[in-house]
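Source file: target_35.txt. Holds: compact mmCIF, C-alpha atoms.
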```txt
# COMPACT_ATOMS: atom_id res chain seq x y z
CA MET A 116 303.15 71.01 231.36
CA PRO A 117 304.06 70.49 227.68
CA ASN A 118 307.65 71.24 226.70
CA GLN A 119 306.66 74.28 224.62
CA GLU A 120 304.86 75.92 227.54
CA LEU A 121 307.87 75.30 229.78
CA THR A 122 310.02 77.04 227.15
CA ARG A 123 307.75 80.10 227.22
CA VAL A 124 307.61 80.22 231.02
CA PHE A 125 311.40 80.02 231.41
CA HIS A 126 311.76 82.66 228.69
CA ALA A 127 309.34 84.92 230.58
CA LEU A 128 311.38 84.39 233.77
CA SER A 129 314.67 85.24 232.03
CA ASP A 130 314.14 88.99 232.39
CA PRO A 131 314.73 90.96 235.63
CA THR A 132 311.82 93.36 235.02
CA ARG A 133 309.37 90.50 234.47
CA ARG A 134 310.65 88.69 237.59
CA ALA A 135 310.28 91.91 239.63
CA VAL A 136 306.67 92.25 238.41
CA LEU A 137 305.93 88.67 239.49
CA GLU A 138 307.57 89.32 242.89
CA ARG A 139 305.34 92.38 243.31
CA LEU A 140 302.20 90.43 242.30
CA THR A 141 302.80 87.74 244.95
CA ARG A 142 301.72 90.51 247.39
CA GLY A 143 298.41 91.02 245.56
CA PRO A 144 296.87 92.40 242.32
CA ALA A 145 298.01 95.77 240.99
CA ALA A 146 297.14 98.26 238.24
CA VAL A 147 299.54 98.87 235.33
CA SER A 148 300.53 102.33 236.62
CA ALA A 149 301.45 100.97 240.07
CA LEU A 150 303.38 98.08 238.53
CA ALA A 151 305.30 100.39 236.19
CA ARG A 152 306.22 102.98 238.86
CA PRO A 153 309.47 101.36 240.17
CA PHE A 154 310.90 101.00 236.65
CA ASN A 155 312.72 103.65 234.68
CA MET A 156 311.16 102.48 231.41
CA ALA A 157 308.85 103.84 228.72
CA LEU A 158 305.29 102.61 229.33
CA PRO A 159 304.96 100.81 225.94
CA SER A 160 308.10 98.73 226.70
CA PHE A 161 306.79 97.95 230.15
CA VAL A 162 303.41 96.91 228.75
CA GLN A 163 305.22 94.53 226.36
CA HIS A 164 306.75 92.78 229.40
CA LEU A 165 303.26 92.41 230.86
CA GLY A 166 302.17 90.93 227.52
CA VAL A 167 304.92 88.27 227.68
CA LEU A 168 303.83 87.34 231.22
CA GLU A 169 300.17 87.15 230.22
CA GLU A 170 300.78 85.10 227.05
CA CYS A 171 302.41 82.28 228.98
CA GLY A 172 299.75 82.36 231.69
CA LEU A 173 301.90 83.75 234.54
CA VAL A 174 299.51 86.69 235.05
CA ARG A 175 295.88 87.51 234.25
CA SER A 176 294.47 90.96 233.61
CA LYS A 177 291.06 92.58 233.84
CA LYS A 178 290.02 96.02 232.64
CA GLU A 179 287.57 98.06 234.71
CA GLY A 180 286.85 101.49 233.26
CA ARG A 181 290.24 102.81 232.17
CA VAL A 182 292.26 100.79 234.66
CA ARG A 183 293.77 97.39 233.81
CA THR A 184 294.64 95.29 236.86
CA TYR A 185 297.04 92.33 236.89
CA THR A 186 296.89 89.25 239.12
CA LEU A 187 299.46 86.47 239.55
CA ALA A 188 298.47 83.08 238.13
CA PRO A 189 300.72 80.70 240.08
CA GLN A 190 300.14 77.51 238.03
CA PRO A 191 303.02 78.04 235.50
CA LEU A 192 305.42 78.94 238.35
CA LYS A 193 304.54 75.63 239.98
CA ALA A 194 305.13 73.75 236.71
CA ALA A 195 308.59 75.31 236.33
CA GLU A 196 309.37 74.51 239.96
CA ARG A 197 308.24 70.89 239.41
CA TRP A 198 310.58 70.50 236.42
CA LEU A 199 313.53 71.84 238.45
CA SER A 200 312.80 69.69 241.48
CA ALA A 201 312.44 66.59 239.24
CA GLN A 202 315.95 67.22 237.86
CA ARG A 203 317.31 67.64 241.38
CA ALA A 204 315.60 64.40 242.47
CA HIS A 205 317.13 62.46 239.53
CA TRP A 206 320.54 63.94 240.33
CA GLU A 207 320.33 63.14 244.04
CA ARG A 208 319.11 59.60 243.32
CA ARG A 209 322.20 59.14 241.15
CA LEU A 210 324.51 60.44 243.90
CA ASP A 211 322.81 58.04 246.35
CA SER A 212 323.38 55.06 244.07
CA LEU A 213 327.03 56.06 243.54
CA ASP A 214 327.32 56.26 247.32
CA ASN A 215 325.78 52.79 247.76
CA PHE A 216 328.08 51.43 245.08
CA LEU A 217 331.16 52.83 246.88
CA GLU A 218 329.92 51.39 250.18
CA THR A 219 329.53 47.96 248.55
CA LEU A 220 333.06 48.17 247.15
CA LYS A 221 334.41 49.05 250.61
CA GLU A 222 332.49 46.13 252.19
CA GLN A 223 333.93 43.75 249.63
CA ARG A 224 337.48 44.92 250.43
CA ARG A 225 337.12 44.23 254.14
CA MET B 158 322.24 84.22 243.44
CA PRO B 159 322.54 87.72 241.92
CA ASN B 160 319.73 88.83 239.63
CA GLN B 161 321.95 88.74 236.53
CA GLU B 162 322.91 85.12 237.09
CA LEU B 163 319.26 84.17 237.57
CA THR B 164 318.53 85.87 234.22
CA ARG B 165 321.20 83.74 232.51
CA VAL B 166 320.03 80.51 234.15
CA PHE B 167 316.38 81.04 233.18
CA HIS B 168 317.51 81.99 229.67
CA ALA B 169 319.53 78.75 229.47
CA LEU B 170 316.45 76.80 230.62
CA SER B 171 314.19 78.44 228.02
CA ASP B 172 315.29 76.04 225.26
CA PRO B 173 314.03 72.45 224.88
CA THR B 174 317.40 71.11 223.61
CA ARG B 175 319.25 72.59 226.56
CA ARG B 176 316.66 71.23 229.01
CA ALA B 177 316.93 67.77 227.40
CA VAL B 178 320.73 67.88 227.82
CA LEU B 179 320.33 68.72 231.51
CA GLU B 180 317.79 65.90 231.92
CA ARG B 181 320.30 63.50 230.34
CA LEU B 182 323.14 64.74 232.58
CA THR B 183 321.16 64.08 235.78
CA ARG B 184 321.84 60.39 234.96
CA GLY B 185 325.62 60.98 234.86
CA PRO B 186 328.41 62.63 232.82
CA ALA B 187 328.50 62.19 229.02
CA ALA B 188 330.72 62.98 226.04
CA VAL B 189 329.64 65.55 223.42
CA SER B 190 328.98 62.85 220.78
CA ALA B 191 326.68 60.88 223.14
CA LEU B 192 324.87 64.06 224.17
CA ALA B 193 324.38 65.17 220.56
CA ARG B 194 323.11 61.79 219.29
CA PRO B 195 319.37 62.18 220.09
CA PHE B 196 319.18 65.57 218.33
CA ASN B 197 318.71 66.16 214.66
CA MET B 198 321.04 69.17 214.70
CA ALA B 199 324.35 70.23 213.17
CA LEU B 200 327.17 69.67 215.68
CA PRO B 201 328.27 73.36 215.78
CA SER B 202 324.73 74.45 216.74
CA PHE B 203 324.59 71.74 219.38
CA VAL B 204 327.97 72.79 220.78
CA GLN B 205 326.65 76.38 221.06
CA HIS B 206 323.86 75.07 223.33
CA LEU B 207 326.49 73.37 225.50
CA GLY B 208 328.35 76.69 225.61
CA VAL B 209 325.26 78.51 226.92
CA LEU B 210 324.84 75.86 229.64
CA GLU B 211 328.51 76.06 230.63
CA GLU B 212 328.63 79.89 230.68
CA CYS B 213 325.92 80.10 233.31
CA GLY B 214 327.44 77.29 235.37
CA LEU B 215 324.77 74.62 234.76
CA VAL B 216 327.36 72.17 233.39
CA ARG B 217 331.14 71.70 233.60
CA SER B 218 333.33 70.13 230.94
CA LYS B 219 336.71 68.41 230.89
CA LYS B 220 338.76 67.40 227.87
CA GLU B 221 340.69 64.13 227.95
CA GLY B 222 342.53 63.41 224.72
CA ARG B 223 340.07 64.27 221.97
CA VAL B 224 336.94 63.68 224.05
CA ARG B 225 335.17 66.45 225.97
CA THR B 226 332.92 65.20 228.75
CA TYR B 227 330.11 67.20 230.38
CA THR B 228 328.87 66.95 233.97
CA LEU B 229 325.82 68.57 235.57
CA ALA B 230 326.56 71.33 238.08
CA PRO B 231 323.35 71.43 240.14
CA GLN B 232 323.96 74.69 242.07
CA PRO B 233 322.30 77.06 239.52
CA LEU B 234 319.29 74.70 239.21
CA LYS B 235 318.87 74.92 242.99
CA ALA B 236 319.10 78.73 242.88
CA ALA B 237 316.36 78.90 240.22
CA GLU B 238 314.22 76.48 242.24
CA ARG B 239 314.74 78.61 245.38
CA TRP B 240 313.54 81.75 243.56
CA LEU B 241 310.40 79.95 242.35
CA SER B 242 309.60 78.44 245.74
CA ALA B 243 310.09 81.85 247.42
CA GLN B 244 307.48 83.35 245.08
CA ARG B 245 305.11 80.49 245.85
CA ALA B 246 305.67 80.97 249.59
CA HIS B 247 304.87 84.72 249.35
CA TRP B 248 301.77 83.95 247.32
CA GLU B 249 300.53 81.27 249.71
CA ARG B 250 301.20 83.48 252.73
CA ARG B 251 299.02 86.13 251.10
CA LEU B 252 296.19 83.62 250.48
CA ASP B 253 296.47 82.52 254.14
CA SER B 254 296.15 86.09 255.40
CA LEU B 255 293.17 86.71 253.12
CA ASP B 256 291.65 83.54 254.57
CA ASN B 257 292.30 84.70 258.15
CA PHE B 258 290.81 88.09 257.33
CA LEU B 259 287.63 86.47 255.97
CA GLU B 260 287.40 84.24 259.05
CA THR B 261 287.68 87.31 261.31
CA LEU B 262 284.92 89.06 259.34
CA LYS B 263 282.69 86.01 259.74
CA GLU B 264 283.38 85.84 263.52
CA GLN B 265 282.46 89.50 263.87
CA ARG B 266 279.14 88.94 262.10
CA ARG B 267 278.09 86.18 264.47
```

Turn this file's structure into structure tokens for me.
Amino acid sequence: MPNQELTRVFHALSDPTRRAVLERLTRGPAAVSALARPFNMALPSFVQHLGVLEECGLVRSKKEGRVRTYTLAPQPLKAAERWLSAQRAHWERRLDSLDNFLETLKEQRR
Amino acid sequence: MPNQELTRVFHALSDPTRRAVLERLTRGPAAVSALARPFNMALPSFVQHLGVLEECGLVRSKKEGRVRTYTLAPQPLKAAERWLSAQRAHWERRLDSLDNFLETLKEQRR
């Protein structure tokens, strides 16, 4: 995933309302009214959050009649997870080589 | 990790400079001057980025003489990764149950 997309995905994830919407959508698609219900928020503000999620590809929406339904699009979540796990892997590899280095030092002292 | 901390971590990750600093620090601790070198940015702006990373616990710093050195603190990265993988797990469980449901429908038709 290009750096700019990663920036937008992490920005989208940096809001508790948007994360709660994503958590809800992992259980299946939902209409705007159902998504908005748990939040004490004016509908236009809530719809803006949905817009942020849709712009970076975390959700997709479809309008049937007067009802717009949102679905999770898991690809960007996976990309963010991949970036995080790559950093952890680099970090752990470094700890392992420090560990090996210390072991070698100890061996040499014996 | 409480919701508010997750908000701060994802916010910290939503900037390419801050992500590049974290990527660099997975290879080991570094002084401010070494960290700043690859970026075409005024030092005060760069130091603000380091401040954002330190406030949410993604890095730690230590001053020796006139040199401040930064180290990665991987715990918040792991917490963010855990949140993402939990969402993926919920999503995949849902796809599995849809799959089972379709299989059951097919069995019943036979």

Would you mind listing, for every residue of chain A within 10 Å of chain B, the two atoms forming the shortest contact and the distance between them in Å to one decimal, using only C-alpha atoms, sorted by chain and ascending residue number, as a Markdown table?
```
| residue | atom | partner | partner_atom | distance |
| --- | --- | --- | --- | --- |
| A:Asn118 | CA | B:Pro173 | CA | 6.7 |
| A:Gln119 | CA | B:Pro173 | CA | 7.6 |
| A:Glu120 | CA | B:Ser171 | CA | 9.7 |
| A:Leu121 | CA | B:Ser171 | CA | 7.3 |
| A:Thr122 | CA | B:Ser171 | CA | 4.5 |
| A:Arg123 | CA | B:Ser171 | CA | 6.7 |
| A:Val124 | CA | B:Ser171 | CA | 7.4 |
| A:Phe125 | CA | B:Ser171 | CA | 4.7 |
| A:His126 | CA | B:Ser171 | CA | 4.9 |
| A:Ala127 | CA | B:Phe167 | CA | 8.4 |
| A:Leu128 | CA | B:Phe167 | CA | 6.0 |
| A:Ser129 | CA | B:Thr164 | CA | 4.5 |
| A:Asp130 | CA | B:Thr164 | CA | 5.7 |
| A:Pro131 | CA | B:Thr164 | CA | 6.5 |
| A:Arg134 | CA | B:Thr164 | CA | 9.0 |
| A:Ala135 | CA | B:Asn160 | CA | 9.9 |
| A:Leu137 | CA | B:Gln244 | CA | 7.9 |
| A:Glu138 | CA | B:Gln244 | CA | 6.4 |
| A:Arg139 | CA | B:Gln244 | CA | 9.4 |
| A:Leu140 | CA | B:Trp248 | CA | 8.2 |
| A:Thr141 | CA | B:Trp248 | CA | 4.6 |
| A:Arg142 | CA | B:Arg251 | CA | 6.3 |
| A:Gly143 | CA | B:Arg251 | CA | 7.4 |
| A:Leu187 | CA | B:Trp248 | CA | 8.5 |
| A:Ala188 | CA | B:Trp248 | CA | 9.8 |
| A:Pro189 | CA | B:Arg245 | CA | 7.3 |
| A:Gln190 | CA | B:Arg245 | CA | 9.7 |
| A:Leu192 | CA | B:Leu241 | CA | 6.5 |
| A:Lys193 | CA | B:Arg245 | CA | 7.6 |
| A:Ala194 | CA | B:Leu241 | CA | 9.9 |
| A:Ala195 | CA | B:Leu241 | CA | 7.8 |
| A:Glu196 | CA | B:Glu238 | CA | 5.7 |
| A:Arg197 | CA | B:Glu238 | CA | 8.7 |
| A:Trp198 | CA | B:Glu238 | CA | 9.1 |
| A:Leu199 | CA | B:Glu238 | CA | 6.0 |
| A:Ser200 | CA | B:Glu238 | CA | 7.0 |
| A:Ala201 | CA | B:Glu180 | CA | 9.1 |
| A:Gln202 | CA | B:Glu180 | CA | 6.4 |
| A:Arg203 | CA | B:Pro231 | CA | 7.2 |
| A:Ala204 | CA | B:Thr183 | CA | 8.7 |
| A:His205 | CA | B:Thr183 | CA | 5.7 |
| A:Trp206 | CA | B:Thr183 | CA | 4.6 |
| A:Glu207 | CA | B:Thr183 | CA | 8.4 |
| A:Arg208 | CA | B:Arg184 | CA | 8.8 |
| A:Arg209 | CA | B:Arg184 | CA | 6.3 |
| A:Leu210 | CA | B:Gly185 | CA | 9.1 |
```

Can I have chain A aligned to chain B? Use a least-squares fit on all Cα atoms paired in order and write it out as a compact mmCIF listing (two decimals) with C-alpha atoms, in the coordinates of the input.
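Here's the written file out-v9.txt:
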```
# COMPACT_ATOMS: atom_id res chain seq x y z
CA MET A 116 322.24 84.22 243.46
CA PRO A 117 322.56 87.71 241.94
CA ASN A 118 319.74 88.83 239.65
CA GLN A 119 321.95 88.76 236.55
CA GLU A 120 322.93 85.13 237.11
CA LEU A 121 319.28 84.19 237.60
CA THR A 122 318.53 85.87 234.25
CA ARG A 123 321.19 83.75 232.52
CA VAL A 124 320.05 80.52 234.17
CA PHE A 125 316.39 81.05 233.22
CA HIS A 126 317.50 81.98 229.69
CA ALA A 127 319.52 78.75 229.49
CA LEU A 128 316.45 76.79 230.66
CA SER A 129 314.18 78.42 228.06
CA ASP A 130 315.28 76.05 225.30
CA PRO A 131 314.01 72.44 224.91
CA THR A 132 317.36 71.11 223.65
CA ARG A 133 319.25 72.60 226.60
CA ARG A 134 316.65 71.22 229.06
CA ALA A 135 316.92 67.76 227.43
CA VAL A 136 320.72 67.89 227.83
CA LEU A 137 320.34 68.73 231.53
CA GLU A 138 317.80 65.90 231.95
CA ARG A 139 320.30 63.50 230.37
CA LEU A 140 323.15 64.75 232.60
CA THR A 141 321.17 64.10 235.80
CA ARG A 142 321.87 60.41 234.97
CA GLY A 143 325.64 61.00 234.86
CA PRO A 144 328.43 62.65 232.79
CA ALA A 145 328.49 62.20 229.02
CA ALA A 146 330.71 62.99 226.03
CA VAL A 147 329.62 65.55 223.41
CA SER A 148 328.94 62.85 220.78
CA ALA A 149 326.65 60.90 223.14
CA LEU A 150 324.84 64.07 224.18
CA ALA A 151 324.32 65.16 220.57
CA ARG A 152 323.07 61.77 219.31
CA PRO A 153 319.32 62.18 220.13
CA PHE A 154 319.13 65.56 218.37
CA ASN A 155 318.65 66.15 214.67
CA MET A 156 320.97 69.16 214.71
CA ALA A 157 324.28 70.22 213.17
CA LEU A 158 327.11 69.67 215.68
CA PRO A 159 328.22 73.35 215.76
CA SER A 160 324.67 74.44 216.76
CA PHE A 161 324.54 71.74 219.39
CA VAL A 162 327.93 72.78 220.77
CA GLN A 163 326.62 76.37 221.06
CA HIS A 164 323.83 75.07 223.34
CA LEU A 165 326.47 73.38 225.49
CA GLY A 166 328.32 76.71 225.59
CA VAL A 167 325.22 78.51 226.93
CA LEU A 168 324.84 75.86 229.65
CA GLU A 169 328.51 76.07 230.61
CA GLU A 170 328.63 79.90 230.68
CA CYS A 171 325.93 80.10 233.32
CA GLY A 172 327.46 77.30 235.37
CA LEU A 173 324.78 74.63 234.76
CA VAL A 174 327.38 72.19 233.37
CA ARG A 175 331.15 71.71 233.57
CA SER A 176 333.33 70.15 230.91
CA LYS A 177 336.70 68.43 230.84
CA LYS A 178 338.74 67.41 227.81
CA GLU A 179 340.68 64.14 227.88
CA GLY A 180 342.50 63.39 224.64
CA ARG A 181 340.01 64.26 221.90
CA VAL A 182 336.91 63.67 224.00
CA ARG A 183 335.16 66.46 225.92
CA THR A 184 332.91 65.21 228.72
CA TYR A 185 330.11 67.21 230.37
CA THR A 186 328.89 66.96 233.96
CA LEU A 187 325.84 68.58 235.58
CA ALA A 188 326.58 71.34 238.09
CA PRO A 189 323.38 71.43 240.16
CA GLN A 190 324.00 74.69 242.08
CA PRO A 191 322.31 77.07 239.53
CA LEU A 192 319.31 74.70 239.24
CA LYS A 193 318.92 74.93 243.01
CA ALA A 194 319.13 78.74 242.91
CA ALA A 195 316.38 78.91 240.27
CA GLU A 196 314.27 76.48 242.28
CA ARG A 197 314.79 78.62 245.42
CA TRP A 198 313.58 81.76 243.61
CA LEU A 199 310.44 79.95 242.40
CA SER A 200 309.66 78.43 245.78
CA ALA A 201 310.15 81.85 247.47
CA GLN A 202 307.52 83.35 245.14
CA ARG A 203 305.15 80.48 245.90
CA ALA A 204 305.72 80.95 249.65
CA HIS A 205 304.94 84.71 249.42
CA TRP A 206 301.82 83.93 247.39
CA GLU A 207 300.59 81.24 249.78
CA ARG A 208 301.27 83.47 252.80
CA ARG A 209 299.08 86.11 251.16
CA LEU A 210 296.27 83.60 250.53
CA ASP A 211 296.53 82.51 254.19
CA SER A 212 296.20 86.07 255.44
CA LEU A 213 293.22 86.70 253.13
CA ASP A 214 291.70 83.53 254.56
CA ASN A 215 292.29 84.69 258.15
CA PHE A 216 290.83 88.07 257.30
CA LEU A 217 287.66 86.45 255.89
CA GLU A 218 287.39 84.24 258.98
CA THR A 219 287.64 87.31 261.22
CA LEU A 220 284.91 89.05 259.22
CA LYS A 221 282.66 85.99 259.58
CA GLU A 222 283.32 85.85 263.35
CA GLN A 223 282.41 89.50 263.69
CA ARG A 224 279.09 88.92 261.87
CA ARG A 225 278.02 86.14 264.22
```

Mind checking which residues fall within 8 Å of range 197-210 of chain B, counting all atoms listed in the file, ignoring those fewer than 6 positions away in the same chain, and posting them as a PDB file with C-alpha atoms, keeping the file's coordinate frame?
```pdb
ATOM      1  CA  ALA B 169     319.530  78.750 229.470  1.00  0.00           C
ATOM      2  CA  THR B 174     317.400  71.110 223.610  1.00  0.00           C
ATOM      3  CA  ARG B 175     319.250  72.590 226.560  1.00  0.00           C
ATOM      4  CA  VAL B 189     329.640  65.550 223.420  1.00  0.00           C
ATOM      5  CA  VAL B 216     327.360  72.170 233.390  1.00  0.00           C
TER       6      VAL B 216
END
```

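With CA of Arg183 in chain A on one side and CA of Cys171 in chain A on the other, the separation reads 18.1 Å.
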
From the set A:Ala151, A:Ala145, A:Leu217, A:Val136, which residue has the shortest atom-to-atom contact distance to Ser176 in chain A, counting all atoms listed in the file?
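Between A:Ala151, A:Ala145, A:Leu217, A:Val136, the residue approaching Ser176 in chain A most closely is A:Ala145.
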